[in-house]
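Everything on this sheet refers to the single structure shown next.
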Amino acid sequence: MKFVSPTEFAKDKLWSVQEYSLLCGRSIASLFSRPVYFSDIFTQMDSIGIGSLPIVILSGFFTGCVLALQSVSSLKEFGAVSMTGTLVSLSMVKELGPVLTGLMVSGRNASGMASELGSMKVTEQLDAMRALGVDPIRKLVAPRVSATVFMLFWLTVISDAVGMLGGGLVGVFMLGLNAHSYWRTSYRALNYGDVVQGMTKPVFFGFIIATVGCYFGVSTKGGTQGVGKATTQAVVVSSVMIIVMDFLISRLTIGIFGR
Amino acid sequence: MPEEKAKEPVLEVQNVSIAFDNNRVLDDVSFTLYNGETCVLLGPAGGGKSVLLKIINGLIPPDSGSIRVFGQEITTMTQQELFTMRRRVGMVFQESALFDSMNVEDNVAYRLNEEGVDPAEAHKRVEESLEFVELSQAINKFPSELSGGMRRRVSIARALITKPDLILYDSPTGGLDPITSTTIVELILKQRDESHTASLMITHRLQDAFFLATHHWDSATKSVQPIPDGGVDKNTKFLVLNEGRVVFDGSTLELTHSEDPWLQNFLS
């Protein structure tokens, strides 16, 4: 392993932060000036949103199932089995729905973006695009960012819904809960602040997934080995950033809404 | 071509330097390319030739120096101004750099499609451009279905479709067999003699460089012929880079008669 001086290390990291910030800024700015590549946005929505639907539904459904299953034994001790719906819905909408969907989509799409753009970088296709008078940030990055932000929001809504459904099915058919009671407590447990918290997170998570995936893609160096490294880094960094951002948004919304 | 237009510099590179990770890749490089001229850029591998081409097209900013393309300083241009400038420049990349998710037609028409040219008009121009590189039959193929030489020809067609005022060829014959290389050089030669566009061509193959200097496109027979009486093309000049420095800038005859020991060794 090659050791670098602390100064070089710090400079390198600061440079990366600067480049990442510039990419974020330019991708947002390019959505507000012409040309905007709407057809590319819809293509990415299909690829990111519809393509991720099966894994989001499966992970959301079984998370709801296991949440109900695990919580019942603890709730039983306090004679509060009827609160299962409350626990599942609050957990899914505020935390598990956004975070698990974010992590699933990150694993599937941040890696895809990094490898696709990375391959284009090492084969000079990004340079060719610039040489042909087209800005790769506008053409490739901005559509991915807008499509991921938009689709992750709806994927999270779906994940929340199927998670609550999964919890309900386990509660009713395996734990003998009353279906009407489960849905009533689930629905009543959620207030405005909870929904805002749960719906704000995917917007930030989507932005992180797309910008980190694209950043590592367009910064790829060193041929096919570099593409592999960029792909791994994109998934690791976006996943960690999602968890950190989750904490920050949770703290902020708890501060605002008091729960 | 009018004499005064021929004397206009298309490209002026002055004291350009660039370093990567403290390694100086280009060191005080200066040269000028005039309208109608073809400059062959020679030099050992790793000498900074491809970097120089990318700097000229504004793809990499230099550390210092001045680059004027069509009379405009590009080192101070914004990204948007660079995109506008590049519309007048055609570039052929070392490994062709075709968009592998698009077929040949979409690759060649890329710039036209971005400019909003009518699809029928774009298709017609793609056919003309592919006919020029003798690859009309490959219009619906994808890059993965093409050989290295065919890809290079598609790349040339893509660079030429908008009739640019400056063409940059980055090792167009690199990695190709001698027969295919000759086909590519003949296309470059045909482009040079038919349109008289200023061009800068990197090559590692000396035989390609001298073929370009000693042959011309005969429009009567529609074939490449040697220039009579052992003559050389007066609009073809040479620039030799070694370790990031210009070691020669002059005509074919000046190069072959140079007494510089390094040059003599390089040419032998």
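Residue numbering restarts at 1 in every chain; chains get A, B, ... in the order shown in the structure tokens, and ligands count up from 1 in that same order.
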
Rows by chain and residue number, chain A within 12 Å of chain B, shortest pair, only C-alpha atoms, as a Markdown table:
```
| residue | atom | partner | partner_atom | distance |
| --- | --- | --- | --- | --- |
| A:Glu8 | CA | B:Asp21 | CA | 11.1 |
| A:Asp12 | CA | B:Asp21 | CA | 11.7 |
| A:Arg26 | CA | B:Gln79 | CA | 11.2 |
| A:Ser30 | CA | B:Gln80 | CA | 11.7 |
| A:Ser33 | CA | B:Gln80 | CA | 11.9 |
| A:Arg34 | CA | B:Gln80 | CA | 11.7 |
| A:Pro35 | CA | B:Glu114 | CA | 9.4 |
| A:Val36 | CA | B:Glu114 | CA | 11.5 |
| A:Tyr37 | CA | B:Glu114 | CA | 10.3 |
| A:Glu116 | CA | B:Ser101 | CA | 10.7 |
| A:Leu117 | CA | B:Phe99 | CA | 11.6 |
| A:Ser119 | CA | B:Asp100 | CA | 10.2 |
| A:Met120 | CA | B:Phe99 | CA | 8.1 |
| A:Lys121 | CA | B:Ala97 | CA | 9.6 |
| A:Val122 | CA | B:Ala97 | CA | 9.5 |
| A:Thr123 | CA | B:Ala97 | CA | 5.9 |
| A:Glu124 | CA | B:Ala97 | CA | 5.4 |
| A:Gln125 | CA | B:Ala97 | CA | 4.9 |
| A:Leu126 | CA | B:Ala97 | CA | 8.4 |
| A:Asp127 | CA | B:Leu59 | CA | 6.9 |
| A:Ala128 | CA | B:Ala97 | CA | 6.2 |
| A:Met129 | CA | B:Phe99 | CA | 8.7 |
| A:Arg130 | CA | B:Phe83 | CA | 7.2 |
| A:Ala131 | CA | B:Arg86 | CA | 6.1 |
| A:Leu132 | CA | B:Arg111 | CA | 5.9 |
| A:Gly133 | CA | B:Phe83 | CA | 4.5 |
| A:Val134 | CA | B:Phe83 | CA | 6.9 |
| A:Asp135 | CA | B:Phe83 | CA | 7.8 |
| A:Pro136 | CA | B:Phe83 | CA | 11.3 |
| A:Ile137 | CA | B:Gln79 | CA | 11.4 |
| A:Arg138 | CA | B:Gln80 | CA | 11.7 |
| A:Lys139 | CA | B:Glu114 | CA | 10.5 |
```

Could you write out that same residue set with C-alpha atoms as a PDB file, in the first residue's frame?
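For reference, result_20.pdb as written:
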```pdb
ATOM      1  CA  GLU A   8      -1.414  15.513  -0.026  1.00  0.00           C
ATOM      2  CA  ASP A  12      -6.844  15.289  -2.548  1.00  0.00           C
ATOM      3  CA  ARG A  26     -23.779  22.443 -12.713  1.00  0.00           C
ATOM      4  CA  SER A  30     -28.455  22.884 -16.376  1.00  0.00           C
ATOM      5  CA  SER A  33     -31.445  26.530 -18.978  1.00  0.00           C
ATOM      6  CA  ARG A  34     -31.814  25.161 -22.498  1.00  0.00           C
ATOM      7  CA  PRO A  35     -31.401  22.574 -23.859  1.00  0.00           C
ATOM      8  CA  VAL A  36     -33.037  20.262 -21.321  1.00  0.00           C
ATOM      9  CA  TYR A  37     -32.925  16.638 -22.486  1.00  0.00           C
ATOM     10  CA  GLU A 116     -21.759   3.362 -17.383  1.00  0.00           C
ATOM     11  CA  LEU A 117     -20.204   6.824 -17.165  1.00  0.00           C
ATOM     12  CA  SER A 119     -16.767   3.147 -19.199  1.00  0.00           C
ATOM     13  CA  MET A 120     -17.591   6.178 -21.320  1.00  0.00           C
ATOM     14  CA  LYS A 121     -14.795   8.110 -19.604  1.00  0.00           C
ATOM     15  CA  VAL A 122     -12.075   5.521 -20.142  1.00  0.00           C
ATOM     16  CA  THR A 123     -13.056   4.989 -23.787  1.00  0.00           C
ATOM     17  CA  GLU A 124     -12.960   8.775 -24.408  1.00  0.00           C
ATOM     18  CA  GLN A 125     -16.686   8.895 -25.192  1.00  0.00           C
ATOM     19  CA  LEU A 126     -17.146  11.766 -22.716  1.00  0.00           C
ATOM     20  CA  ASP A 127     -14.343  13.706 -24.422  1.00  0.00           C
ATOM     21  CA  ALA A 128     -15.909  12.902 -27.804  1.00  0.00           C
ATOM     22  CA  MET A 129     -19.230  14.261 -26.559  1.00  0.00           C
ATOM     23  CA  ARG A 130     -17.563  17.498 -25.473  1.00  0.00           C
ATOM     24  CA  ALA A 131     -15.662  17.660 -28.756  1.00  0.00           C
ATOM     25  CA  LEU A 132     -19.002  17.356 -30.563  1.00  0.00           C
ATOM     26  CA  GLY A 133     -20.279  20.407 -28.677  1.00  0.00           C
ATOM     27  CA  VAL A 134     -22.428  18.636 -26.056  1.00  0.00           C
ATOM     28  CA  ASP A 135     -22.007  19.120 -22.309  1.00  0.00           C
ATOM     29  CA  PRO A 136     -21.908  15.656 -20.630  1.00  0.00           C
ATOM     30  CA  ILE A 137     -23.178  17.167 -17.359  1.00  0.00           C
ATOM     31  CA  ARG A 138     -26.270  18.469 -19.130  1.00  0.00           C
ATOM     32  CA  LYS A 139     -26.755  15.397 -21.300  1.00  0.00           C
TER      33      LYS A 139
END
```

>> Let's see if you can do this: from backbone DSSP, list all alpha helix (DSSP H) residues in region 4-250 of chain B, as a PyMOL selection string.
In response: chain B and resi 4-6+49-56+79-86+104-108+110-114+119-132+148-160+178-195+206-214

>> List the spatial neighbours of Asn178 (chain A) as a ChimeraX atom specification - criterion: any atom at most 12 Å away, only C-alpha atoms, same-chain residues fewer than 3 positions off excluded.
In response: /A:81-85,168-175,181-185

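Here CA of Leu160 (chain B) stands at a distance of 18.8 Å from CA of Tyr34 (chain B).
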
>> Need to verify the contact set: Leu155 (chain A), 8 Å, only C-alpha atoms, exclusion of same-chain residues closer than 6 positions in sequence. Can you return it as a list in words?
In response: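 Counting only C-alpha atoms, the residues come to Gly49, Leu53, Val56 and Thr101 of chain A.
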
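Remark: for Ala109 (chain B), the closest of the candidate residues B:Ile74, B:Leu239, B:Ile161, B:Leu200 is B:Ile161 (distances computed over only C-alpha atoms).
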
>> Residues near Leu67 (chain A), anyone? I mean within 12 Å using only C-alpha atoms, not counting same-chain ones fewer than 2 positions away, as a ChimeraX atom specification.
In response: /A:59-65,69-75,84-92,96-97,163-171

Those same residues, written as a PDB file, in the first residue's frame with C-alpha atoms?
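Okay, result.pdb is ready:
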```
ATOM      1  CA  SER A  59     -37.623  -5.420   0.358  1.00  0.00           C
ATOM      2  CA  GLY A  60     -40.444  -3.154   1.589  1.00  0.00           C
ATOM      3  CA  PHE A  61     -42.952  -5.996   1.905  1.00  0.00           C
ATOM      4  CA  PHE A  62     -40.693  -8.351   3.833  1.00  0.00           C
ATOM      5  CA  THR A  63     -39.364  -5.556   6.054  1.00  0.00           C
ATOM      6  CA  GLY A  64     -42.959  -4.830   7.100  1.00  0.00           C
ATOM      7  CA  CYS A  65     -43.515  -8.553   7.673  1.00  0.00           C
ATOM      8  CA  LEU A  69     -43.223 -10.455  13.633  1.00  0.00           C
ATOM      9  CA  GLN A  70     -40.406  -9.148  15.825  1.00  0.00           C
ATOM     10  CA  SER A  71     -42.325  -6.377  17.547  1.00  0.00           C
ATOM     11  CA  VAL A  72     -45.255  -8.518  18.675  1.00  0.00           C
ATOM     12  CA  SER A  73     -43.183 -10.466  21.212  1.00  0.00           C
ATOM     13  CA  SER A  74     -42.001  -7.233  22.880  1.00  0.00           C
ATOM     14  CA  LEU A  75     -45.415  -5.568  22.730  1.00  0.00           C
ATOM     15  CA  THR A  84     -48.406  -3.340  16.196  1.00  0.00           C
ATOM     16  CA  GLY A  85     -49.938  -1.271  13.395  1.00  0.00           C
ATOM     17  CA  THR A  86     -48.678   1.940  14.988  1.00  0.00           C
ATOM     18  CA  LEU A  87     -45.167   0.581  15.297  1.00  0.00           C
ATOM     19  CA  VAL A  88     -45.037  -0.785  11.752  1.00  0.00           C
ATOM     20  CA  SER A  89     -46.454   2.323  10.094  1.00  0.00           C
ATOM     21  CA  LEU A  90     -44.294   4.789  12.028  1.00  0.00           C
ATOM     22  CA  SER A  91     -41.143   2.716  11.439  1.00  0.00           C
ATOM     23  CA  MET A  92     -41.867   2.251   7.756  1.00  0.00           C
ATOM     24  CA  LEU A  96     -37.215   2.043   7.093  1.00  0.00           C
ATOM     25  CA  GLY A  97     -39.165   2.918   3.943  1.00  0.00           C
ATOM     26  CA  GLY A 163     -44.380  -2.583   4.109  1.00  0.00           C
ATOM     27  CA  MET A 164     -47.557  -1.730   6.010  1.00  0.00           C
ATOM     28  CA  LEU A 165     -49.421  -4.294   3.952  1.00  0.00           C
ATOM     29  CA  GLY A 166     -46.795  -6.943   4.781  1.00  0.00           C
ATOM     30  CA  GLY A 167     -46.996  -6.106   8.484  1.00  0.00           C
ATOM     31  CA  GLY A 168     -50.788  -6.296   8.300  1.00  0.00           C
ATOM     32  CA  LEU A 169     -50.777  -9.688   6.587  1.00  0.00           C
ATOM     33  CA  VAL A 170     -48.403 -11.128   9.189  1.00  0.00           C
ATOM     34  CA  GLY A 171     -50.434  -9.554  11.986  1.00  0.00           C
TER      35      GLY A 171
END
```

>> Report, in Å to a single decimal, how far apart CA of Phe248 (chain B) and CA of Leu267 (chain B) are.
In response: 12.0 Å

>> Counting only C-alpha atoms, which residue out of A:Gln44, A:Thr224, A:Ser5, A:Ser238 sits closest to Ser146 (chain A)?
In response: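 Using only C-alpha atoms, the shortest distance to Ser146 (chain A) belongs to A:Gln44.
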